[in-house]
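Structure file data_12.cif (mmCIF, C-alpha atoms and all ligand atoms) is printed below.
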```cif
data_run
loop_
_atom_site.label_atom_id
_atom_site.label_comp_id
_atom_site.auth_asym_id
_atom_site.auth_seq_id
_atom_site.Cartn_x
_atom_site.Cartn_y
_atom_site.Cartn_z
CA MET D 16 -92.36 58.04 126.77
CA ARG D 17 -94.65 56.02 124.57
CA ALA D 18 -97.52 56.18 127.02
CA ALA D 19 -96.95 59.85 127.56
CA THR D 20 -97.17 60.44 123.81
CA LEU D 21 -100.36 58.43 123.60
CA LEU D 22 -101.84 60.43 126.45
CA LEU D 23 -101.02 63.61 124.62
CA SER D 24 -102.67 62.44 121.41
CA LEU D 25 -105.72 61.33 123.35
CA SER D 26 -106.09 64.82 124.71
CA LEU D 27 -106.87 66.02 121.18
CA THR D 28 -109.89 63.76 121.00
CA ALA D 29 -111.00 63.98 124.58
CA GLY D 30 -114.42 65.26 123.59
CA SER D 31 -115.19 62.05 121.77
CA LEU D 32 -113.80 60.01 124.66
CA VAL D 33 -116.46 61.29 126.96
CA ALA D 34 -119.23 60.05 124.74
CA GLN D 35 -117.96 56.49 124.43
CA ASP D 36 -119.65 53.78 126.40
CA VAL D 37 -116.85 51.26 126.86
CA THR D 38 -113.30 52.14 127.85
CA ALA D 39 -110.35 49.84 128.47
CA ILE D 40 -107.49 51.15 130.56
CA ARG D 41 -104.11 49.47 130.42
CA ALA D 42 -102.46 49.93 133.81
CA GLY D 43 -98.72 49.34 134.13
CA ARG D 44 -99.26 49.07 137.85
CA PHE D 45 -102.62 48.73 139.55
CA ILE D 46 -103.18 49.45 143.24
CA ASP D 47 -105.64 46.92 144.62
CA VAL D 48 -106.53 48.69 147.84
CA GLU D 49 -108.92 45.98 148.99
CA ARG D 50 -106.22 43.30 148.96
CA GLY D 51 -103.42 45.70 149.77
CA GLU D 52 -101.28 44.73 146.78
CA VAL D 53 -99.93 46.20 143.57
CA ARG D 54 -100.35 44.15 140.41
CA THR D 55 -98.59 44.82 137.12
CA ASN D 56 -100.09 44.89 133.63
CA GLN D 57 -103.79 44.96 134.34
CA VAL D 58 -106.70 45.96 132.13
CA ILE D 59 -109.67 47.81 133.60
CA ILE D 60 -112.85 47.59 131.57
CA ILE D 61 -115.29 50.44 132.15
CA ARG D 62 -118.84 50.45 130.86
CA GLY D 63 -120.64 53.74 131.21
CA GLU D 64 -119.76 55.19 134.59
CA LYS D 65 -118.97 51.91 136.33
CA VAL D 66 -116.11 49.43 136.44
CA GLU D 67 -116.99 46.17 134.72
CA SER D 68 -113.84 44.16 135.39
CA VAL D 69 -110.17 44.26 136.30
CA GLN D 70 -108.12 41.53 134.67
CA ALA D 71 -104.57 40.64 133.75
CA ALA D 72 -103.38 42.06 130.42
CA GLY D 73 -104.24 39.69 127.62
CA ALA D 74 -107.87 39.35 128.63
CA PRO D 75 -110.22 40.18 125.75
CA ILE D 76 -111.07 43.86 125.25
CA PRO D 77 -114.64 44.51 124.04
CA ARG D 78 -114.88 45.51 120.36
CA GLY D 79 -115.16 49.22 119.86
CA ALA D 80 -113.74 50.07 123.27
CA ILE D 81 -111.63 53.19 123.58
CA VAL D 82 -108.23 52.08 124.85
CA ILE D 83 -106.27 54.35 127.15
CA ASP D 84 -102.67 53.31 127.59
CA LEU D 85 -101.47 54.01 131.11
CA SER D 86 -98.81 51.30 131.05
CA ALA D 87 -96.12 53.74 132.19
CA PHE D 88 -98.23 54.71 135.16
CA THR D 89 -99.60 53.44 138.43
CA VAL D 90 -103.38 53.44 138.39
CA SER D 91 -105.03 54.12 141.73
CA PRO D 92 -108.65 54.52 142.74
CA GLY D 93 -109.51 58.21 142.88
CA LEU D 94 -108.41 59.67 146.19
CA ILE D 95 -110.80 60.63 148.97
CA ASP D 96 -110.32 63.52 151.38
CA CYS D 97 -112.57 63.12 154.42
CA HIS D 98 -112.01 66.61 155.79
CA THR D 99 -112.44 69.40 153.26
CA HIS D 100 -114.11 72.81 153.23
CA ILE D 101 -114.60 73.13 149.48
CA ALA D 102 -117.84 75.04 149.79
CA ASP D 103 -116.39 77.47 152.31
CA PRO D 104 -114.26 79.79 150.23
CA ILE D 105 -112.14 81.12 153.03
CA GLU D 106 -108.41 80.48 153.09
CA SER D 107 -107.62 82.87 155.86
CA ASN D 108 -106.99 83.63 159.46
CA SER D 109 -109.41 86.47 160.00
CA ALA D 110 -112.59 85.67 161.87
CA ALA D 111 -114.54 88.35 160.06
CA ASP D 112 -113.65 87.11 156.56
CA PRO D 113 -116.76 84.94 156.10
CA LEU D 114 -118.80 88.14 156.51
CA THR D 115 -116.90 90.01 153.78
CA ILE D 116 -118.00 87.68 150.99
CA SER D 117 -121.45 87.62 149.43
CA ALA D 118 -123.37 84.39 148.95
CA ALA D 119 -122.88 84.74 145.20
CA GLN D 120 -119.12 85.18 145.53
CA SER D 121 -119.05 82.25 147.89
CA ALA D 122 -120.79 80.04 145.35
CA PHE D 123 -118.33 80.96 142.58
CA TRP D 124 -115.36 80.24 144.79
CA GLY D 125 -116.91 76.92 145.69
CA VAL D 126 -116.98 76.11 141.97
CA ARG D 127 -113.29 76.97 141.69
CA ASN D 128 -112.41 74.90 144.76
CA ALA D 129 -114.38 71.88 143.59
CA ARG D 130 -112.62 71.93 140.24
CA ALA D 131 -109.18 72.26 141.82
CA THR D 132 -109.90 69.36 144.15
CA LEU D 133 -111.07 67.01 141.41
CA LEU D 134 -108.20 67.87 139.08
CA ALA D 135 -105.81 67.11 141.94
CA GLY D 136 -107.07 63.53 141.83
CA PHE D 137 -109.58 63.69 144.66
CA THR D 138 -112.72 62.24 143.15
CA THR D 139 -114.65 62.09 146.44
CA THR D 140 -114.68 64.31 149.51
CA ARG D 141 -116.49 64.59 152.78
CA ASP D 142 -116.98 68.33 153.19
CA VAL D 143 -117.13 68.92 156.92
CA GLY D 144 -118.77 72.26 157.25
CA VAL D 145 -119.34 75.80 156.07
CA TYR D 146 -119.85 79.07 157.92
CA ARG D 147 -122.61 80.22 155.58
CA GLY D 148 -125.08 77.41 156.07
CA PHE D 149 -126.09 75.06 153.25
CA THR D 150 -123.78 76.46 150.54
CA ASP D 151 -122.25 72.95 150.52
CA ILE D 152 -125.61 71.37 149.76
CA ALA D 153 -126.03 73.68 146.76
CA LEU D 154 -122.52 72.88 145.50
CA ARG D 155 -122.98 69.14 145.90
CA ASN D 156 -126.23 69.31 143.96
CA ALA D 157 -124.65 71.40 141.20
CA ILE D 158 -121.89 68.81 140.83
CA ASN D 159 -124.35 65.94 140.82
CA ASP D 160 -126.52 67.50 138.11
CA GLY D 161 -123.51 68.33 135.95
CA THR D 162 -123.67 72.11 136.31
CA VAL D 163 -120.14 72.26 137.68
CA ILE D 164 -117.19 69.91 137.73
CA GLY D 165 -116.07 68.56 141.08
CA PRO D 166 -115.70 65.53 143.31
CA ARG D 167 -118.54 63.43 144.67
CA MET D 168 -119.37 65.11 147.95
CA LYS D 169 -121.00 64.24 151.21
CA VAL D 170 -121.75 67.47 153.04
CA ALA D 171 -122.49 68.61 156.59
CA GLY D 172 -124.76 71.61 155.88
CA ALA D 173 -123.72 73.67 158.92
CA TYR D 174 -121.79 73.25 162.15
CA ILE D 175 -123.59 72.08 165.26
CA THR D 176 -121.85 74.38 167.73
CA VAL D 177 -122.47 76.08 171.04
CA SER D 178 -122.96 79.83 170.77
CA SER D 179 -119.55 81.56 170.73
CA GLY D 180 -117.96 78.13 170.19
CA GLY D 181 -115.59 76.60 167.65
CA GLY D 182 -118.14 76.61 164.80
CA GLU D 183 -119.20 80.24 165.17
CA VAL D 184 -117.90 83.35 163.44
CA THR D 185 -116.12 84.88 166.43
CA GLY D 186 -113.67 87.65 167.20
CA LEU D 187 -116.10 90.41 166.22
CA ALA D 188 -117.03 93.40 168.32
CA ALA D 189 -119.66 92.58 170.91
CA ASP D 190 -122.32 94.69 169.19
CA VAL D 191 -121.94 93.07 165.75
CA VAL D 192 -124.87 90.79 164.96
CA VAL D 193 -123.89 87.76 162.88
CA PRO D 194 -126.55 86.96 160.23
CA ALA D 195 -128.76 83.90 160.76
CA ASP D 196 -127.29 82.19 157.69
CA PHE D 197 -124.05 81.78 159.61
CA ARG D 198 -125.74 80.35 162.70
CA ARG D 199 -127.86 77.52 161.31
CA GLY D 200 -126.34 74.99 163.68
CA VAL D 201 -126.05 76.91 166.94
CA ALA D 202 -127.42 74.73 169.75
CA ASN D 203 -127.02 75.05 173.51
CA SER D 204 -129.01 72.16 174.96
CA ILE D 205 -130.03 68.60 174.19
CA ALA D 206 -133.34 69.80 172.79
CA GLU D 207 -131.66 72.43 170.60
CA VAL D 208 -129.10 69.90 169.35
CA ARG D 209 -131.91 67.59 168.28
CA GLN D 210 -133.77 70.46 166.61
CA ARG D 211 -130.72 71.65 164.69
CA VAL D 212 -129.79 68.15 163.56
CA ARG D 213 -133.29 67.70 162.15
CA GLU D 214 -133.22 71.08 160.41
CA ILE D 215 -129.83 70.43 158.84
CA LEU D 216 -130.69 66.93 157.63
CA ASN D 217 -134.08 68.04 156.32
CA ALA D 218 -132.29 70.77 154.38
CA GLY D 219 -130.38 68.07 152.54
CA ALA D 220 -127.13 67.48 154.43
CA ASP D 221 -125.67 63.97 154.27
CA PHE D 222 -124.30 63.78 157.81
CA ILE D 223 -123.80 65.95 160.90
CA LYS D 224 -120.68 67.80 162.00
CA ILE D 225 -120.57 68.69 165.67
CA ILE D 226 -117.94 70.97 167.19
CA ALA D 227 -117.10 69.17 170.44
CA THR D 228 -114.20 71.40 171.53
CA GLY D 229 -112.75 74.80 170.77
CA ALA D 230 -110.82 75.33 167.55
CA VAL D 231 -107.41 76.55 166.45
CA LEU D 232 -108.71 79.02 163.87
CA THR D 233 -111.70 80.33 165.82
CA PRO D 234 -110.58 83.28 167.96
CA GLY D 235 -111.35 83.05 171.65
CA THR D 236 -112.14 79.34 171.66
CA LYS D 237 -109.86 76.87 173.44
CA PRO D 238 -108.91 73.70 171.54
CA GLY D 239 -108.49 71.81 174.81
CA ALA D 240 -111.89 72.81 176.19
CA PRO D 241 -114.89 70.53 175.71
CA GLU D 242 -117.91 72.51 174.46
CA TYR D 243 -120.63 69.86 174.67
CA THR D 244 -121.56 67.27 177.26
CA GLU D 245 -121.51 63.61 176.33
CA GLU D 246 -125.32 63.62 176.52
CA GLU D 247 -125.59 66.49 174.06
CA ILE D 248 -123.29 64.74 171.59
CA ARG D 249 -125.26 61.52 172.07
CA ALA D 250 -128.44 63.42 171.24
CA ALA D 251 -126.88 64.41 167.91
CA VAL D 252 -125.81 60.82 167.24
CA GLN D 253 -129.29 59.49 168.05
CA GLU D 254 -131.08 62.11 166.00
CA ALA D 255 -128.74 61.55 163.04
CA ALA D 256 -129.37 57.81 163.37
CA ASN D 257 -133.10 58.50 162.98
CA TYR D 258 -132.18 59.74 159.51
CA GLY D 259 -129.86 56.81 158.84
CA THR D 260 -126.69 58.83 159.07
CA PHE D 261 -123.72 59.61 161.28
CA VAL D 262 -121.92 62.35 163.19
CA ALA D 263 -118.38 63.62 162.68
CA ALA D 264 -116.98 65.39 165.75
CA HIS D 265 -114.41 68.16 165.65
CA ALA D 266 -112.37 67.50 168.81
CA HIS D 267 -108.88 68.57 169.81
CA GLY D 268 -108.86 68.11 173.60
CA ALA D 269 -108.71 64.67 175.20
CA GLU D 270 -111.88 65.11 177.24
CA GLY D 271 -113.88 66.23 174.20
CA ILE D 272 -112.57 63.26 172.22
CA LYS D 273 -113.59 60.83 174.97
CA ARG D 274 -117.08 62.28 175.28
CA ALA D 275 -117.60 62.15 171.53
CA ALA D 276 -116.27 58.61 171.15
CA ARG D 277 -118.41 57.36 174.05
CA ALA D 278 -121.41 59.10 172.57
CA GLY D 279 -120.97 57.10 169.36
CA VAL D 280 -119.72 59.55 166.76
CA ARG D 281 -118.40 58.03 163.57
CA SER D 282 -115.18 60.04 163.45
CA ILE D 283 -113.00 62.33 165.49
CA GLU D 284 -111.66 65.23 163.44
CA HIS D 285 -108.18 66.49 164.38
CA GLY D 286 -107.71 64.51 167.63
CA SER D 287 -104.76 66.78 168.33
CA LEU D 288 -104.50 66.42 172.10
CA ALA D 289 -105.61 62.78 172.36
CA ASP D 290 -104.09 60.93 175.31
CA ASP D 291 -103.68 57.16 175.52
CA GLU D 292 -107.06 56.73 177.18
CA ALA D 293 -108.79 58.71 174.44
CA LEU D 294 -107.18 56.55 171.75
CA GLN D 295 -108.13 53.42 173.69
CA ILE D 296 -111.78 54.51 173.91
CA MET D 297 -111.75 55.25 170.18
CA LYS D 298 -110.36 51.82 169.45
CA GLU D 299 -112.99 50.14 171.63
CA HIS D 300 -115.80 52.03 169.93
CA GLY D 301 -114.41 51.63 166.42
CA THR D 302 -114.27 55.43 166.13
CA TRP D 303 -112.34 56.71 163.12
CA LEU D 304 -109.56 59.27 163.48
CA VAL D 305 -109.32 61.88 160.72
CA ALA D 306 -106.17 63.82 161.58
CA ASP D 307 -104.90 66.71 159.42
CA ILE D 308 -101.24 66.10 160.20
CA TRP D 309 -99.79 68.23 157.38
CA ASP D 310 -101.52 71.60 157.56
CA GLY D 311 -99.93 72.57 160.87
CA ASP D 312 -96.71 73.16 158.92
CA TYR D 313 -98.60 75.22 156.34
CA ILE D 314 -100.23 77.41 159.02
CA ASP D 315 -96.91 77.89 160.78
CA SER D 316 -95.00 78.98 157.68
CA VAL D 317 -97.64 80.99 155.84
CA GLY D 318 -99.22 82.29 159.02
CA THR D 319 -95.90 83.57 160.30
CA ARG D 320 -95.03 85.09 156.93
CA ASP D 321 -98.41 86.79 156.58
CA HIS D 322 -98.67 87.91 160.20
CA TRP D 323 -101.66 85.82 161.24
CA SER D 324 -102.77 86.54 164.80
CA GLU D 325 -100.47 85.35 167.54
CA GLU D 326 -103.37 83.51 169.16
CA ILE D 327 -103.88 81.30 166.11
CA LEU D 328 -100.17 80.68 165.59
CA ARG D 329 -99.82 79.74 169.27
CA LYS D 330 -102.80 77.36 169.20
CA ASN D 331 -101.42 75.82 166.01
CA ARG D 332 -98.05 75.24 167.67
CA GLU D 333 -99.77 73.70 170.68
CA THR D 334 -101.65 71.17 168.56
CA THR D 335 -99.32 70.25 165.67
CA GLU D 336 -96.67 67.97 167.17
CA THR D 337 -99.08 66.56 169.78
CA GLN D 338 -101.38 65.57 166.94
CA ARG D 339 -98.58 63.80 165.10
CA THR D 340 -97.59 61.95 168.26
CA ALA D 341 -101.19 60.84 168.80
CA PHE D 342 -101.46 59.83 165.14
CA ARG D 343 -98.34 57.68 165.39
CA LYS D 344 -99.77 55.96 168.48
CA ALA D 345 -103.12 55.47 166.76
CA VAL D 346 -101.40 53.75 163.83
CA ALA D 347 -99.56 51.43 166.22
CA MET D 348 -102.74 50.69 168.19
CA GLY D 349 -104.76 49.86 165.10
CA VAL D 350 -107.28 52.71 165.49
CA ASN D 351 -109.37 53.19 162.33
CA LEU D 352 -107.74 55.93 160.24
CA ALA D 353 -109.16 57.89 157.32
CA TYR D 354 -107.42 60.58 155.29
CA GLY D 355 -108.45 64.17 155.91
CA THR D 356 -106.52 67.37 155.37
CA ASP D 357 -108.68 70.40 156.33
CA SER D 358 -108.46 71.89 152.85
CA GLY D 359 -109.48 75.52 152.93
CA VAL D 360 -107.00 76.14 155.72
CA TYR D 361 -104.51 75.77 152.84
CA PRO D 362 -105.31 76.29 149.11
CA HIS D 363 -107.65 73.68 147.62
CA GLY D 364 -105.95 71.22 145.30
CA LEU D 365 -102.93 70.56 147.49
CA ASN D 366 -104.80 67.77 149.26
CA ALA D 367 -102.20 65.10 148.43
CA ARG D 368 -99.46 66.93 150.33
CA GLN D 369 -100.41 65.01 153.46
CA LEU D 370 -99.79 61.54 151.99
CA PRO D 371 -96.02 61.48 152.68
CA TYR D 372 -96.77 62.64 156.23
CA MET D 373 -98.96 59.59 156.79
CA MET D 374 -95.83 57.52 156.13
CA LYS D 375 -93.56 59.75 158.13
CA TYR D 376 -95.78 59.18 161.15
CA GLY D 377 -96.09 55.44 161.00
CA MET D 378 -98.05 54.12 158.04
CA THR D 379 -96.79 51.98 155.21
CA PRO D 380 -97.27 53.49 151.74
CA MET D 381 -100.13 51.04 151.11
CA GLN D 382 -101.80 51.93 154.41
CA ALA D 383 -101.58 55.61 153.51
CA ILE D 384 -103.26 55.01 150.14
CA GLN D 385 -105.88 52.76 151.75
CA SER D 386 -106.66 55.51 154.25
CA ALA D 387 -107.36 57.82 151.30
CA THR D 388 -109.38 55.31 149.28
CA ILE D 389 -111.13 52.21 150.58
CA ASN D 390 -110.93 53.07 154.28
CA ALA D 391 -112.14 56.61 153.69
CA ALA D 392 -115.10 55.14 151.80
CA ARG D 393 -115.84 52.72 154.62
CA MET D 394 -115.72 55.49 157.17
CA MET D 395 -118.42 57.43 155.31
CA TYR D 396 -120.46 54.34 154.40
CA TRP D 397 -119.79 54.83 150.70
CA ASP D 398 -117.64 51.77 150.01
CA GLY D 399 -120.38 50.15 147.94
CA GLU D 400 -119.80 52.80 145.27
CA VAL D 401 -116.36 54.37 145.65
CA GLY D 402 -112.99 53.74 147.30
CA SER D 403 -111.72 50.91 145.11
CA LEU D 404 -111.80 49.83 141.50
CA ALA D 405 -114.07 46.83 141.62
CA PRO D 406 -116.95 45.64 139.43
CA GLY D 407 -120.06 47.72 140.00
CA LYS D 408 -118.30 50.70 141.55
CA TYR D 409 -117.82 54.08 139.92
CA ALA D 410 -114.87 54.29 137.54
CA ASP D 411 -113.13 57.00 139.55
CA LEU D 412 -109.39 56.67 139.02
CA ILE D 413 -106.12 58.48 138.66
CA ALA D 414 -102.73 57.77 137.12
CA VAL D 415 -99.46 58.53 138.85
CA LYS D 416 -96.11 58.42 137.07
CA GLY D 417 -93.95 55.33 137.54
CA ASP D 418 -94.06 53.30 140.73
CA ALA D 419 -96.29 55.54 142.84
CA LEU D 420 -95.88 53.71 146.14
CA ALA D 421 -92.12 54.26 145.97
CA ASP D 422 -92.70 58.00 146.37
CA LEU D 423 -96.06 59.18 147.68
CA GLY D 424 -95.04 62.74 146.78
CA ARG D 425 -95.89 61.82 143.18
CA PHE D 426 -99.58 61.86 144.08
CA GLY D 427 -99.17 65.63 144.25
CA ASP D 428 -98.86 65.78 140.46
CA VAL D 429 -101.50 63.61 138.84
CA PRO D 430 -101.49 63.65 135.00
CA PHE D 431 -104.73 61.73 134.53
CA VAL D 432 -108.08 61.81 136.33
CA MET D 433 -111.26 59.96 135.47
CA LYS D 434 -114.54 60.37 137.33
CA GLY D 435 -117.47 58.10 136.60
CA GLY D 436 -115.89 56.83 133.39
CA GLN D 437 -115.31 60.34 132.03
CA VAL D 438 -111.79 61.67 131.52
CA VAL D 439 -111.58 64.99 133.32
CA LYS D 440 -107.83 65.56 133.14
CA LEU D 441 -105.12 64.53 130.71
CA GLU D 442 -101.47 65.53 131.06
CA GLY D 443 -102.28 68.49 133.20
CA LYS D 444 -105.12 69.76 131.01
CA SER D 445 -108.71 69.83 132.11
CA VAL D 446 -110.87 68.34 129.37
CA ARG D 447 -114.21 69.44 130.74
ZN ZN O 501 -111.98 71.62 159.31
#
```
Output the structure of this file as structure tokens.
Ligand SMILES: [Zn+2]
Amino acid sequence: MRAATLLLSLSLTAGSLVAQDVTAIRAGRFIDVERGEVRTNQVIIIRGEKVESVQAAGAPIPRGAIVIDLSAFTVSPGLIDCHTHIADPIESNSAADPLTISAAQSAFWGVRNARATLLAGFTTTRDVGVYRGFTDIALRNAINDGTVIGPRMKVAGAYITVSSGGGEVTGLAADVVVPADFRRGVANSIAEVRQRVREILNAGADFIKIIATGAVLTPGTKPGAPEYTEEEIRAAVQEAANYGTFVAAHAHGAEGIKRAARAGVRSIEHGSLADDEALQIMKEHGTWLVADIWDGDYIDSVGTRDHWSEEILRKNRETTETQRTAFRKAVAMGVNLAYGTDSGVYPHGLNARQLPYMMKYGMTPMQAIQSATINAARMMYWDGEVGSLAPGKYADLIAVKGDALADLGRFGDVPFVMKGGQVVKLEGKSVR
């Protein structure tokens, strides 16, 4: 109660908090994701936007530091979702929906989504694609320059997809022409893949998203069907490597997963129909699996209630339990696993709902948190700056009531969020 009261009083002076240079946070419990342990009674010293030290309580606190008492809480590094669609405002089942929203409306909804994601405790995301090309680049830049509040983002720019494939706006009448903005990444040959990768990275994307198989939510496409050859995917990997970056591959079907893993992609998104051989190839190549093992339940319940198309509901049913089975095997095999939820399929801000599912399908609570912090950061080559609370890294952290690892559901209600040393949420209130 005492800490809760202090939190409340701090909220009255949050404006002054932001301006202070040195902050000391008393953590009742502290999740050390690098060592995989929870320590009690720690003090985190933050100078500017970076962590300076993490020490046992009793260590000297710099004079003049603002002290935030989170001794009734578990302090965790800010969470990372490696599969979001924050900049794509659609939460829907209708293929035509992206065409019913103007670019301006899209940008405003992106602002709303970014805010909801950050206030839910997700201080970093990898945004894996938008239908209207490059809206994600604009949103990332607006967050970085302080125009809007949101998580740190790495963005994909546009989907590399075959024409009529999983990354296209499909399901329209044959004589409807989809605007060029929605087709920035359409590529049907090795040469076109290389061209599109260059165009997307030169436009400012951080990495490449390739659609290697059909998709659940894209009408007409078949999740089990591979849409690119291994050589075409390899061309994307090689071209991305020329820019010092990586490729994330959307892949449901086993053959598509195998091609993408052999071609050297950094991560497989979904992995829903992975067989043992596919998981083995991923393990051999060090490929990361980013499996959205919660949202199948969301699609099934809301989609049924709201009369989504039978095709989508059927494809969702055909990929939900298979994905969970593959995920459980991947955990047992020691495949690299990073947390990703496919936000946008469900309302942004519910990203933590998947954490208990990570446990249900084979992870320990600590492994689940590591997948959403340090391992997520490693997957996207950002572990030098985010993913754990260590000296020199950004002070991105959250507080969860009580003993958080005893009930991962508590991560769904985060009373305190700090990003880069600035308090952005206190007791449910946004302070920015
Ligand atoms: Zn997705």
Exercise. Could you list, as a ChimeraX atom specification, all the residues within 12 Å of ligand ZN 501 (chain O), counting only C-alpha atoms and all ligand atoms?
Worked result: /D:96-103,105-106,141-146,171,173-174,181-182,224-226,229-233,263-267,283-286,305-307,310,355-361
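In this comparison, which uses only C-alpha atoms, the residue of D:Arg167, D:Arg44, D:Arg147, D:Lys344 approaching D:Gly93 most closely is D:Arg167.
Each of D:Val432, D:Pro362, D:Glu400, D:Ile384 was compared to D:Ile95 using all atoms listed in the file, and D:Ile384 turns out to be the nearest.
Minimum atom-to-atom distances from D:Gly427, D:Gly148, D:Gly279, D:Gly399 to D:Ala251 were compared using only C-alpha atoms, and the lowest value belongs to D:Gly279.
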Exercise. Of the candidates D:Glu326, D:Glu254, D:Glu64, D:Glu49, which shows the shortest atom-to-atom distance to D:Met433, using only C-alpha atoms?
Worked result: D:Glu64
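Residue nearest D:Arg127 within the list D:Gly377, D:Pro371, D:Gly165, D:Pro234: D:Gly165 [criterion: smallest interatomic distance, only C-alpha atoms].
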Exercise. If we count all atoms listed in the file, what is near D:Tyr372 at a cut-off of 12 Å, once residues fewer than 3 positions away on the same chain are taken out, given as a PyMOL selection string?
Worked result: chain D and resi 306-312+339+342-343+354-356+366-369+375-380+382-384+422-424
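A straight line drawn from atom CA of D:Ala255 to atom CA of D:Val212 is 6.7 Å long.
Interatomic distance, atom CA of D:Thr340 against atom CA of D:Asp290: 9.6 Å.
Distances here use only C-alpha atoms; by that measure, the residue among D:Gln70, D:Thr140, D:Ser282, D:Asn351 closest to D:Val58 is D:Gln70.
Interatomic distance, atom CA of D:Ala240 to atom CA of D:Glu292: 16.8 Å.
Within 12 Å of the point (-96.2, 81.2, 159.3), counting only C-alpha atoms, the protein and nucleic acid residues come to Asn108, Asp310, Gly311, Asp312, Tyr313, Ile314, Asp315, Ser316, Val317, Gly318, Thr319, Arg320, Asp321, His322, Trp323, Ser324, Glu325, Ile327, Leu328, Arg329, Asn331, Arg332 and Tyr361 of chain D.
Here the residues that fall within 12 Å of (-112.5, 44.8, 123.0), using all atoms listed in the file, are given as D:Asp36, D:Val37, D:Thr38, D:Ala39, D:Ile40, D:Val58, D:Ile59, D:Ile60, D:Ile61, D:Arg62, D:Gly73, D:Ala74, D:Pro75, D:Ile76, D:Pro77, D:Arg78, D:Gly79, D:Ala80, D:Ile81, D:Val82.
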